[in-house]
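Enquirer: Provided herewith is a single structure, encoded as structure tokens, for subsequent inquiry.
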4 protein chains.
Amino acid sequence: MIGCALIGYGYWGPNIARVLHESPRTKLRWCCDLEQGKLGKFARRYPGANTTTRVADVLDDAETELVCVVTPISTHFDLAARALERGKHVFVEKPLAASTDEAQKLVKLAAKHKRILMVGHVFEYSPPVRKIKEILDRNELGKIHYISCTRVNLGIHQKDVSVIWDLAPHDVSILLYLLGEEPRRVSAMGRACIQKRIPDVAFMNLEFPSGVIAHVEISWLSPSKIRNTIVVGSKKMLIYDDTQISEKVKIFDHGVNYHDPETFGEFHLSYRTGDIVSPKVDTYEPLSAEIEHLLDCVEKGTKPVSDGLSGLRAVRVLESADRSLANGGKPVAY
Amino acid sequence: MIGCALIGYGYWGPNIARVLHESPRTKLRWCCDLEQGKLGKFARRYPGANTTTRVADVLDDAETELVCVVTPISTHFDLAARALERGKHVFVEKPLAASTDEAQKLVKLAAKHKRILMVGHVFEYSPPVRKIKEILDRNELGKIHYISCTRVNLGIHQKDVSVIWDLAPHDVSILLYLLGEEPRRVSAMGRACIQKRIPDVAFMNLEFPSGVIAHVEISWLSPSKIRNTIVVGSKKMLIYDDTQISEKVKIFDHGVNYHDPETFGEFHLSYRTGDIVSPKVDTYEPLSAEIEHLLDCVEKGTKPVSDGLSGLRAVRVLESADRSLANGGKPVAY
Amino acid sequence: MIGCALIGYGYWGPNIARVLHESPRTKLRWCCDLEQGKLGKFARRYPGANTTTRVADVLDDAETELVCVVTPISTHFDLAARALERGKHVFVEKPLAASTDEAQKLVKLAAKHKRILMVGHVFEYSPPVRKIKEILDRNELGKIHYISCTRVNLGIHQKDVSVIWDLAPHDVSILLYLLGEEPRRVSAMGRACIQKRIPDVAFMNLEFPSGVIAHVEISWLSPSKIRNTIVVGSKKMLIYDDTQISEKVKIFDHGVNYHDPETFGEFHLSYRTGDIVSPKVDTYEPLSAEIEHLLDCVEKGTKPVSDGLSGLRAVRVLESADRSLANGGKPVAY
Amino acid sequence: MIGCALIGYGYWGPNIARVLHESPRTKLRWCCDLEQGKLGKFARRYPGANTTTRVADVLDDAETELVCVVTPISTHFDLAARALERGKHVFVEKPLAASTDEAQKLVKLAAKHKRILMVGHVFEYSPPVRKIKEILDRNELGKIHYISCTRVNLGIHQKDVSVIWDLAPHDVSILLYLLGEEPRRVSAMGRACIQKRIPDVAFMNLEFPSGVIAHVEISWLSPSKIRNTIVVGSKKMLIYDDTQISEKVKIFDHGVNYHDPETFGEFHLSYRTGDIVSPKVDTYEPLSAEIEHLLDCVEKGTKPVSDGLSGLRAVRVLESADRSLANGGKPVAY
């Protein structure tokens with residue numbers, strides 16, 4: 001049984017608590033939060049665990065092996081660093097940290113103390129994204145031309161971070177996971193419509209060394225919820241619509257054929273539209289798969305799919321987008 | 001009866017011919033095209049009109065008052081200029097010309113010769129866009145925060161111009177029409193996936209003096225056809241989906257309420273979601289409305305909604321997008 | 001605090017248990033089920049309540065005022081009757097009983113013992129159906145012409161009752177609730193595709209004294225889940241699609257206008273298509289509203305919206321449909 | 001070149017005229033209509049053909065081999081019979097005739113005079129229905145359990161025939177074509193909402209000797225246009241949605257597995273949900289394919305897919321539905 005502590009019982013923390021509690025491999029030992037009211041709620045649900053407002057209580061507990069940090073982004077670094085230094089394995093909600101610099105330090109600390117550092121890029125564990133990864137890995141789409149992602153809805157405005165740090169980590173982690181490369185250039189344009197200095201709508205562009213380009217549209221100000229990813233390859237194309245109950249992923253056997261000048265006098269393009277297949281996609285809960293993977297890594301000492309480096313790479317994109325935004329949309333090269 | 005000539009009988013020309021022919025106000029006198037095969041097709045449908053491969057035949061005809069230029073973009077300027085100089089009213093398919101410089105010269109020529117110059121920004125005459133214009137003009141959405149447009153489908157790749165000059169004129173003309181202002185900064189990122197040096201996917205950003213931002217995604221390489229425009233205002237929001245048969249426009253009585261710090265200790269946001277209304281939208285053909293408007297202007301000597309200046313403003317955006325694209329996505333200021 | 005007992009902890013029982021437990025007005029005292037395994041699950045979640053396999057334990061408990069019967073349909077009558085006879089208020093899951101005769105006896109028993117008898121017609125408490133009832137009550141649709149309901153999905157096949165007794169109670173209760181009248185004729189056609197003698201697809205027709213006709217299509221064998229109700233009135237029309245997350249109810253200002261022979265020589269029809277409005281619909285859980293209403297009735301001694309008579313009327317429709325089905329689809333008159 | 005005549009230039013006639021005119025195999029010789037205005041319209045479009053208000057002109061023309069009857073249903077029999085008796089091949093718009101008796105006589109006349117008699121069951125020539133026929137013919141769905149069809153929209157009310165004779169011929173012909181058998185029992189329920197004695201909404205049930213059941217919902221009074229056919233088989237299921245631009249046909253690899261009592265103590269059902277495939281469907285115009293087939297049959301003397309017998313079988317269903325309707329929904333056995 002892995003002794004676990006949870007730091008942060010706000011919006012997402014209760015979900016982590018539930019999954020940790022339900023796993024037969026863990027013993028949920030602590031919940032730490034600054035607000036007594038939240039600790040009270042936790043205690044009513046999990047009377048067997050301890051609560052505290054002091055992080056030190058958690059870190060001092062020798063039987064706590066794994067610390068899950070589910071707090072505001074600005075506190076990720078400090079909490080994760082302290083836990084790693086005390087020899088704990090650490091899970092941090094996305095994004096890993098508030099800056100590349102902080103993320104880099106966490107990666108080093110984890111290496112130094114030989115501890116697992118995992119970031120909660122939950123979509124890397126979701127059935128449709130896993131299915132798309134399989135499809136790309138067996139080269140079913142051919143060479144990728146571009147990917148376009150839209151993640152917009154009404155709310156919830158954050159007060160400390162922009163929509164880029166709140167919603168884009170999902171798409172950025174999906175893009176890096178699917179493509180297996182880091183962008184060489186990032187730009188962003190956006191607007192702070194409701195709160196001053198906190199953009200609530202943004203359009204990000206990423207250019208990758210392979211030539212792939214990607215676009216991410218994110219907004220807290222949209223009349224309807226859209227969760228759409230289009231992946232266009234040289235052989236096939238794919239749409240992933242996460243708002244659908246069934247048919248979340250559709251593969252289109254569509255493409256453009258290039259016909260030789262020798263045959264036609266000059267080159268000539270034709271369009272191919274074939275079957276559209278919506279492959280069966282598993283229906284397990286992404287968060288459960290994420291936490292099970294975390295526990296596997298802790299037990300076996302293996303590297304998580306979304307390890308510290310993965311978290312660092314995502315943070316670098318967000319930071320670059322922020323810099324571009326501050327600089328009038330000028331692209332930021334890596 | 002307005003004597004009309006059509007130059008160009010390719011993809012779009014036949015539609016113009018049909019509408020001109022059906023109007024009781026016009027006499028379709030000429031069709032000019034470089035390909036005899038196309039002239040033959042025209043002649044079979046409209047045996048009462050003349051055909052020619054020589055533009056001079058058209059321009060020399062004193063009874064031709066109105067010349068419609070529906071040719072490849074690179075020829076717009078030369079043909080329109082010659083027609084204006086010969087005292088003809090001129091309609092040019094979108095975009096007005098291949099450069100700001102050309103567009104500007106056409107505007108001047110039209111003024112000098114006191115002739116109508118109109119560009120085929122057909123969406124400015126389409127029922128849903130007209131309805132949205134009404135909605136904005138009566139301030140139903142409040143202050144506009146941002147507009148996001150998507151216009152993607154599979155094909156048809158052009159050989160001479162990029163997707164920016166082929167598809168974006170629609171969205172750019174819609175944006176300028178709805179907002180009534182020119183952007184102060186334009187940027188674009190894209191990729192030439194199929195043909196070298198001819199981008200077939202692009203992401204454009206526009207920033208306007210009023211603070212409104214707009215985004216335009218265009219592609220010839222998309223598995224499914226999307227024609228979507230989201231307009232987010234401070235009071236309400238709107239979605240225009242041109243692929244729908246009914247309910248093309250939906251107004252969402254949704255918004256964010258800002259609550260005063262005095263009431264709550266610190267400021268506080270809440271979300272309002274009300275009725276969604278899909279207003280009745282007329283169903284006439286946009287092209288007919290466009291040509292009727294053209295004929296009105298010719299008859300009465302009035303200024304078209306999509307006049308030469310309107311065409312010039314759209315071309316300036318496209319040209320700026322091209323420059324940004326050539327410059328790695330760096331925004332181009334006006 | 002109303003002392004409550006739950007009989008039946010199968011598919012739906014746990015939901016009732018949750019809502020009873022969360023209400024501040026109740027004390028969940030008992031769960032009775034024939035399977036120890038289910039009682040074990042209940043006990044882990046609600047350690048403060050008692051479990052038993054004997055109904056008598058529940059009925060003998062003087063502090064249990066309200067008994068909720070959530071068992072297979074064939075047992076509804078016996079359990080509900082025994083509870084009423086012991087002076088308990090009784091809630092029975094839909095349908096109220098396995099026959100009109102049984103339902104009638106329950107209604108009489110409840111009257112005799114002056115106890116609340118309520119049936120779990122949960123849709124009568126759901127926000128979209130309540131909204132539609134409001135719309136009909138203020139005559140917004142005009143005179144109702146017809147209603148067509150579709151409720152199909154893949155599974156879950158029951159072993160003891162047909163799809164008519166499993167799915168149709170929802171639509172039948174909605175129809176009776178909306179129209180406020182009982183049909184005068186019912187027919188049904190169906191087929192037992194998978195299990196012998198247990199129809200898993202059926203088409204029901206209802207004719208009402210007012211002239212309204214209604215159709216109900218129900219199936220456990222459908223490739224996709226459909227929950228659709230179309231209400232056509234003389235002034236407006238309405239679609240209720242319960243699979244949508246937003247826009248569950250849409251009101252169409254569409255209709256047919258009858259023009260007088262005097263004006264046109266002969267009579268003449270024209271079509272009117274106006275705005276489509278999706279009114280804001282509350283988002284509370286129907287089951288919670290149902291149970292709160294039950295508790296109100298118990299506390300105040302008032303008649304439930306879905307009282308025993310309401311349950312009886314629904315059972316009469318189901319029974320008639322069964323008779324028609326057994327008789328080759330011949331309509332059954334009331 | 002097959003000499004052709006068209007009788008009836010109302011709603012559908014112009015489409016037949018267009019296709020006949022465009023075919024290189026035909027010479028469109030005559031258009032006959034009672035209204036001079038319609039003949040004028042025809043003449044302007046097809047100056048090479050003759051027009052007349054007298055059927056005799058058409059029948060007397062020795063060079064007219066093929067007569068297409070596109071008139072009100074009540075006139076089908078008389079016109080088709082006269083043409084057959086004069087040795088013409090005859091095409092009749094659906095439904096073939098106004099009664100089984102009439103249809104039967106036409107079949108006999110065609111046989112006697114050795115002429116082609118074809119009915120315009122246009123969906124039997126449409127790409128999606130042809131694709132579905134292929135799928136059924138290779139037994140991809142397994143044994144068919146049931147088929148449910150919905151064909152509803154707002155308008156157009158006919159003054160002489162009910163919605164059953166106007167819309168249901170499409171679904172009935174599709175059903176007979178797909179299943180290759182005639183029903184043994186038909187019932188119908190409906191209502192005349194707008195015009196007296198002319199039902200504008202109806203629900204039809206068909207039972208086939210193989211055990212398959214089918215349902216057809218048709219209405220001129222529906223807020224939105226629905227064209228939906230669900231085919232449920234023992235191996236797979238299929239949805240055909242004709243309102244979609246792409247993905248009109250979807251095959252669901254879904255089903256129910258029956259597990260043996262020997263394995264489980266008692267029998268046990270489980271559900272299988274696999275891939276969903278939307279096969280590529282051709283995009284040719286059904287009407288063109290229909291007319292090309294007609295011309296093939298005329299040239300080669302072969303039997304049309306939708307021959308007189310096919311027309312007769314469809315009329316028998318409509319007539320039975322009418323009888324059931326008149327008889328309070330009582331099923332009519334064959």
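Order determines the names: the first chain of the structure tokens is A, the second B, and so forth; residues in each chain are numbered 1 upward, and ligands are numbered 1 upward as they are shown.
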Report as CSV the residues of range 130-213 of chain B within 8 Å of range 233-250 of chain B, each with its shortest atom pair and distance in Å (one decimal), using only C-alpha atoms, ordered by chain and increasing residue number.

Expert:
```
residue,atom,partner,partner_atom,distance
B:Ile132,CA,B:Val249,CA,7.8
B:Glu140,CA,B:Lys236,CA,6.9
B:Leu141,CA,B:Lys236,CA,4.4
B:Gly142,CA,B:Lys235,CA,4.8
B:Lys143,CA,B:Ser234,CA,5.2
B:Ile144,CA,B:Gly233,CA,4.1
B:His145,CA,B:Gly233,CA,5.2
B:Tyr146,CA,B:Gly233,CA,7.2
```

Enquirer: Print the selection's residues with N, CA and C atoms to a file, as a compact mmCIF listing (two decimals), in the first residue's frame.

Expert:
```
# COMPACT_ATOMS: atom_id res chain seq x y z
N ILE B 132 -26.96 39.36 -39.21
CA ILE B 132 -25.98 39.61 -38.14
C ILE B 132 -25.63 41.09 -38.09
N GLU B 140 -27.33 44.64 -30.06
CA GLU B 140 -27.89 43.55 -29.27
C GLU B 140 -26.80 42.73 -28.55
N LEU B 141 -25.62 42.64 -29.14
CA LEU B 141 -24.54 41.86 -28.52
C LEU B 141 -23.71 42.71 -27.55
N GLY B 142 -23.93 44.00 -27.52
CA GLY B 142 -23.08 44.87 -26.70
C GLY B 142 -21.76 45.13 -27.41
N LYS B 143 -20.75 45.45 -26.63
CA LYS B 143 -19.41 45.71 -27.17
C LYS B 143 -18.84 44.37 -27.66
N ILE B 144 -18.29 44.36 -28.87
CA ILE B 144 -17.74 43.10 -29.38
C ILE B 144 -16.38 42.83 -28.74
N HIS B 145 -16.22 41.62 -28.21
CA HIS B 145 -14.93 41.21 -27.66
C HIS B 145 -14.05 40.60 -28.74
N TYR B 146 -14.59 39.59 -29.44
CA TYR B 146 -13.77 38.97 -30.48
C TYR B 146 -14.66 38.21 -31.46
```

Enquirer: Could you pull the residues within 7 Å of range 91-105 of chain B, counting only C-alpha atoms, minus those fewer than 4 positions along the same chain, as an MDAnalysis selection string?

Expert: chainID B and resid 67:70 73:74 76:77 109 117:121 169 311:312 315:316 319

Enquirer: For the residues in that selection, give me N, CA, C and O atoms as a PDB file, in the first residue's frame.

Expert:
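Dumped to out-v2.pdb:
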```pdb
ATOM      1  N   VAL B  67     -19.442  45.807 -67.295  1.00  0.00           N
ATOM      2  CA  VAL B  67     -18.547  44.671 -67.551  1.00  0.00           C
ATOM      3  C   VAL B  67     -18.308  43.933 -66.236  1.00  0.00           C
ATOM      4  O   VAL B  67     -17.955  44.555 -65.229  1.00  0.00           O
ATOM      5  N   CYS B  68     -18.522  42.632 -66.276  1.00  0.00           N
ATOM      6  CA  CYS B  68     -18.291  41.802 -65.082  1.00  0.00           C
ATOM      7  C   CYS B  68     -17.031  40.983 -65.302  1.00  0.00           C
ATOM      8  O   CYS B  68     -16.978  40.154 -66.218  1.00  0.00           O
ATOM      9  N   VAL B  69     -16.059  41.199 -64.443  1.00  0.00           N
ATOM     10  CA  VAL B  69     -14.753  40.547 -64.570  1.00  0.00           C
ATOM     11  C   VAL B  69     -14.704  39.362 -63.606  1.00  0.00           C
ATOM     12  O   VAL B  69     -14.687  39.544 -62.393  1.00  0.00           O
ATOM     13  N   VAL B  70     -14.697  38.160 -64.178  1.00  0.00           N
ATOM     14  CA  VAL B  70     -14.763  36.953 -63.349  1.00  0.00           C
ATOM     15  C   VAL B  70     -13.640  36.025 -63.809  1.00  0.00           C
ATOM     16  O   VAL B  70     -13.869  34.888 -64.218  1.00  0.00           O
ATOM     17  N   ILE B  73      -7.298  36.077 -60.540  1.00  0.00           N
ATOM     18  CA  ILE B  73      -7.029  37.309 -59.806  1.00  0.00           C
ATOM     19  C   ILE B  73      -5.973  38.177 -60.485  1.00  0.00           C
ATOM     20  O   ILE B  73      -6.097  39.406 -60.520  1.00  0.00           O
ATOM     21  N   SER B  74      -4.965  37.549 -61.042  1.00  0.00           N
ATOM     22  CA  SER B  74      -3.858  38.334 -61.589  1.00  0.00           C
ATOM     23  C   SER B  74      -4.302  39.202 -62.764  1.00  0.00           C
ATOM     24  O   SER B  74      -3.620  40.149 -63.125  1.00  0.00           O
ATOM     25  N   HIS B  76      -7.377  40.693 -62.870  1.00  0.00           N
ATOM     26  CA  HIS B  76      -8.462  41.620 -62.485  1.00  0.00           C
ATOM     27  C   HIS B  76      -8.134  43.071 -62.821  1.00  0.00           C
ATOM     28  O   HIS B  76      -8.937  43.802 -63.402  1.00  0.00           O
ATOM     29  N   PHE B  77      -6.912  43.476 -62.390  1.00  0.00           N
ATOM     30  CA  PHE B  77      -6.571  44.893 -62.525  1.00  0.00           C
ATOM     31  C   PHE B  77      -6.612  45.336 -63.987  1.00  0.00           C
ATOM     32  O   PHE B  77      -7.260  46.326 -64.339  1.00  0.00           O
ATOM     33  N   LEU B 109      -9.429  55.277 -60.752  1.00  0.00           N
ATOM     34  CA  LEU B 109      -9.961  55.274 -62.119  1.00  0.00           C
ATOM     35  C   LEU B 109     -11.488  55.378 -62.115  1.00  0.00           C
ATOM     36  O   LEU B 109     -12.068  56.093 -62.934  1.00  0.00           O
ATOM     37  N   LEU B 117     -17.718  51.031 -59.457  1.00  0.00           N
ATOM     38  CA  LEU B 117     -16.769  49.914 -59.318  1.00  0.00           C
ATOM     39  C   LEU B 117     -17.250  49.104 -58.115  1.00  0.00           C
ATOM     40  O   LEU B 117     -17.345  49.647 -57.008  1.00  0.00           O
ATOM     41  N   MET B 118     -17.572  47.869 -58.371  1.00  0.00           N
ATOM     42  CA  MET B 118     -18.095  47.030 -57.267  1.00  0.00           C
ATOM     43  C   MET B 118     -17.328  45.719 -57.245  1.00  0.00           C
ATOM     44  O   MET B 118     -16.974  45.162 -58.299  1.00  0.00           O
ATOM     45  N   VAL B 119     -17.060  45.233 -56.040  1.00  0.00           N
ATOM     46  CA  VAL B 119     -16.344  43.953 -55.897  1.00  0.00           C
ATOM     47  C   VAL B 119     -17.326  42.904 -55.376  1.00  0.00           C
ATOM     48  O   VAL B 119     -18.241  43.220 -54.602  1.00  0.00           O
ATOM     49  N   GLY B 120     -17.136  41.688 -55.795  1.00  0.00           N
ATOM     50  CA  GLY B 120     -18.083  40.608 -55.485  1.00  0.00           C
ATOM     51  C   GLY B 120     -17.920  40.019 -54.093  1.00  0.00           C
ATOM     52  O   GLY B 120     -17.719  38.812 -53.964  1.00  0.00           O
ATOM     53  N   HIS B 121     -18.040  40.879 -53.087  1.00  0.00           N
ATOM     54  CA  HIS B 121     -18.027  40.369 -51.698  1.00  0.00           C
ATOM     55  C   HIS B 121     -19.408  39.803 -51.414  1.00  0.00           C
ATOM     56  O   HIS B 121     -20.215  40.411 -50.715  1.00  0.00           O
ATOM     57  N   PRO B 169     -10.855  36.050 -48.481  1.00  0.00           N
ATOM     58  CA  PRO B 169     -11.627  37.249 -48.842  1.00  0.00           C
ATOM     59  C   PRO B 169     -13.050  37.215 -48.301  1.00  0.00           C
ATOM     60  O   PRO B 169     -13.600  38.260 -47.933  1.00  0.00           O
ATOM     61  N   GLY B 311     -13.288  46.877 -51.485  1.00  0.00           N
ATOM     62  CA  GLY B 311     -12.394  45.895 -52.100  1.00  0.00           C
ATOM     63  C   GLY B 311     -10.939  46.170 -51.751  1.00  0.00           C
ATOM     64  O   GLY B 311     -10.165  45.253 -51.451  1.00  0.00           O
ATOM     65  N   LEU B 312     -10.581  47.442 -51.760  1.00  0.00           N
ATOM     66  CA  LEU B 312      -9.209  47.838 -51.412  1.00  0.00           C
ATOM     67  C   LEU B 312      -8.885  47.448 -49.976  1.00  0.00           C
ATOM     68  O   LEU B 312      -7.821  46.902 -49.677  1.00  0.00           O
ATOM     69  N   VAL B 315      -8.236  43.781 -49.737  1.00  0.00           N
ATOM     70  CA  VAL B 315      -6.950  43.417 -50.342  1.00  0.00           C
ATOM     71  C   VAL B 315      -5.791  43.791 -49.423  1.00  0.00           C
ATOM     72  O   VAL B 315      -4.818  43.043 -49.286  1.00  0.00           O
ATOM     73  N   ARG B 316      -5.924  44.922 -48.747  1.00  0.00           N
ATOM     74  CA  ARG B 316      -4.841  45.331 -47.834  1.00  0.00           C
ATOM     75  C   ARG B 316      -4.645  44.290 -46.731  1.00  0.00           C
ATOM     76  O   ARG B 316      -3.519  43.996 -46.329  1.00  0.00           O
ATOM     77  N   GLU B 319      -2.910  41.216 -48.337  1.00  0.00           N
ATOM     78  CA  GLU B 319      -1.510  41.530 -48.631  1.00  0.00           C
ATOM     79  C   GLU B 319      -0.688  41.533 -47.342  1.00  0.00           C
ATOM     80  O   GLU B 319       0.432  41.032 -47.297  1.00  0.00           O
TER      81      GLU B 319
END
```

Enquirer: Return as a PyMOL selection string the full set of residues in range 94-312 of chain C whose backbone-based DSSP assignment is helix (DSSP H, G or I).

Expert: chain C and resi 100-113+122-125+127-137+163-166+168-179+261-264+286-300+308-312

Enquirer: Determine, using only C-alpha atoms, which residues of chain C have any atom at most 8 Å from an atom of chain D, and tabulate each with its shortest atom pair and distance in Å to one decimal place, rows ordered by chain and then rising number, as a Markdown table.

Expert:
```
| residue | atom | partner | partner_atom | distance |
| --- | --- | --- | --- | --- |
| C:His145 | CA | D:Cys193 | CA | 6.1 |
| C:Leu154 | CA | D:Tyr271 | CA | 7.7 |
| C:Gly155 | CA | D:Tyr271 | CA | 7.3 |
| C:His157 | CA | D:Leu269 | CA | 7.8 |
| C:Ser187 | CA | D:Gly329 | CA | 8.0 |
| C:Met189 | CA | D:Asn205 | CA | 7.2 |
| C:Gly190 | CA | D:Ile213 | CA | 7.4 |
| C:Arg191 | CA | D:Ile213 | CA | 7.2 |
| C:Cys193 | CA | D:His145 | CA | 6.1 |
| C:Ile194 | CA | D:Val256 | CA | 7.9 |
| C:Phe203 | CA | D:His215 | CA | 7.6 |
| C:Asn205 | CA | D:Met189 | CA | 7.3 |
| C:Ile213 | CA | D:Arg191 | CA | 7.2 |
| C:His215 | CA | D:Phe203 | CA | 7.6 |
| C:Leu221 | CA | D:Val232 | CA | 7.1 |
| C:Ser222 | CA | D:Val232 | CA | 6.8 |
| C:Pro223 | CA | D:Met237 | CA | 5.8 |
| C:Ile230 | CA | D:Ser222 | CA | 7.8 |
| C:Val232 | CA | D:Ser222 | CA | 6.8 |
| C:Met237 | CA | D:Pro223 | CA | 5.8 |
| C:Leu238 | CA | D:Pro223 | CA | 7.0 |
| C:Ile239 | CA | D:Pro223 | CA | 7.6 |
| C:Phe252 | CA | D:Pro223 | CA | 6.3 |
| C:His254 | CA | D:Pro223 | CA | 6.6 |
| C:Gly255 | CA | D:Leu221 | CA | 7.9 |
| C:Val256 | CA | D:Ile194 | CA | 7.8 |
| C:Tyr258 | CA | D:Ile194 | CA | 8.0 |
| C:Leu269 | CA | D:His157 | CA | 7.8 |
| C:Tyr271 | CA | D:Gly155 | CA | 7.3 |
| C:Gly328 | CA | D:Pro331 | CA | 7.5 |
| C:Gly329 | CA | D:Pro331 | CA | 6.5 |
| C:Lys330 | CA | D:Lys330 | CA | 5.0 |
| C:Pro331 | CA | D:Lys330 | CA | 6.2 |
```

Enquirer: Which residues come within 10 Å of Lys27 in chain A, counting only C-alpha atoms, excluding same-chain residues fewer than 3 positions away, as a list in words?

Expert: Met1, Ile2, Gly3, Cys4, Ala5, Leu20, His21, Glu22, Ser23, Pro24, Trp30, Gly48, Ala49, Glu63 and Thr64 of chain A

Enquirer: Please produce a file of those selected residues containing N, CA and C atoms, as an mmCIF file, in the first residue's frame.

Expert:
```cif
data_model
loop_
_atom_site.group_PDB
_atom_site.id
_atom_site.type_symbol
_atom_site.label_atom_id
_atom_site.label_comp_id
_atom_site.auth_asym_id
_atom_site.auth_seq_id
_atom_site.Cartn_x
_atom_site.Cartn_y
_atom_site.Cartn_z
ATOM 1 N N MET A 1 0.850 -1.196 0.000
ATOM 2 C CA MET A 1 0.000 0.000 0.000
ATOM 3 C C MET A 1 0.887 1.249 0.000
ATOM 4 N N ILE A 2 0.625 2.125 -0.966
ATOM 5 C CA ILE A 2 1.408 3.342 -1.082
ATOM 6 C C ILE A 2 0.742 4.425 -0.235
ATOM 7 N N GLY A 3 1.476 4.947 0.717
ATOM 8 C CA GLY A 3 0.925 6.034 1.533
ATOM 9 C C GLY A 3 0.879 7.315 0.729
ATOM 10 N N CYS A 4 -0.290 7.952 0.667
ATOM 11 C CA CYS A 4 -0.483 9.114 -0.201
ATOM 12 C C CYS A 4 -0.954 10.327 0.579
ATOM 13 N N ALA A 5 -0.517 11.481 0.109
ATOM 14 C CA ALA A 5 -1.041 12.733 0.656
ATOM 15 C C ALA A 5 -1.504 13.607 -0.494
ATOM 16 N N LEU A 20 -7.712 8.084 -5.604
ATOM 17 C CA LEU A 20 -6.710 7.513 -4.690
ATOM 18 C C LEU A 20 -7.395 6.616 -3.661
ATOM 19 N N HIS A 21 -8.526 7.086 -3.163
ATOM 20 C CA HIS A 21 -9.228 6.336 -2.118
ATOM 21 C C HIS A 21 -9.762 5.008 -2.645
ATOM 22 N N GLU A 22 -10.225 5.019 -3.894
ATOM 23 C CA GLU A 22 -10.828 3.805 -4.442
ATOM 24 C C GLU A 22 -9.797 2.772 -4.893
ATOM 25 N N SER A 23 -8.543 3.191 -5.065
ATOM 26 C CA SER A 23 -7.541 2.236 -5.535
ATOM 27 C C SER A 23 -7.148 1.289 -4.407
ATOM 28 N N PRO A 24 -7.095 -0.005 -4.688
ATOM 29 C CA PRO A 24 -6.698 -0.950 -3.636
ATOM 30 C C PRO A 24 -5.197 -0.868 -3.325
ATOM 31 N N TRP A 30 -3.327 11.718 4.094
ATOM 32 C CA TRP A 30 -3.423 13.137 4.446
ATOM 33 C C TRP A 30 -4.147 13.938 3.375
ATOM 34 N N GLY A 48 -11.120 8.169 7.563
ATOM 35 C CA GLY A 48 -9.901 7.439 7.933
ATOM 36 C C GLY A 48 -8.620 8.221 7.688
ATOM 37 N N ALA A 49 -8.668 9.349 7.017
ATOM 38 C CA ALA A 49 -7.453 10.096 6.695
ATOM 39 C C ALA A 49 -7.298 11.303 7.608
ATOM 40 N N GLU A 63 5.393 7.646 6.521
ATOM 41 C CA GLU A 63 4.632 6.653 5.759
ATOM 42 C C GLU A 63 3.996 7.222 4.496
ATOM 43 N N THR A 64 4.116 8.528 4.306
ATOM 44 C CA THR A 64 3.636 9.134 3.070
ATOM 45 C C THR A 64 4.748 9.061 2.032
#
```

Enquirer: What is the distance, in Å and to one decimal place, between CA of Arg45 in chain A and CA of Cys31 in chain C?

Expert: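 Result for CA of Arg45 in chain A versus CA of Cys31 in chain C: 20.9 Å, one decimal.
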
Enquirer: When DSSP is applied to the backbone of this structure, which of range 182-252 of chain B are assigned strand (DSSP E)? Write them out as number ranges by chain.

Expert: B: 185-191, 201-207, 213-219, 221-233, 237-241, 249-252

Enquirer: To one decimal in Å, tell me the separation between CA of Ile116 in chain A and CA of Leu59 in chain A.

Expert: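 Between these atoms lies a distance of 15.7 Å.
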
Enquirer: If you count only C-alpha atoms, which residues fall within 7 Å of Lys88 in chain C, apart from same-chain ones fewer than 6 positions away, as a list in words?

Expert: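 In the requested format, the answer is Glu65, Leu66, Val67 and Arg115 of chain C.
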
Enquirer: Using only C-alpha atoms, determine which residues lie at most 12 Å from Phe42 in chain C, disregarding the query and same-chain residues fewer than 5 positions distant; provide the list as a list in words.

Expert: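 So, after excluding close chain neighbours, the residues are Leu6, Ile7, Gly8, Tyr9, Gly10, Gly13, Pro14, Asn15, Ile16, Ala17, Arg18, His21, Leu28, Arg29, Trp30, Cys31, Cys32, Asp33, Glu35, Gln36, Gly37, Pro47, Gly48, Ala49, Asn50, Thr51 and Thr52 of chain C.
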
Enquirer: Between CA of Val298 in chain C and CA of Asp60 in chain C, what is the distance in Å, rounded to a tenth?

Expert: 19.2 Å
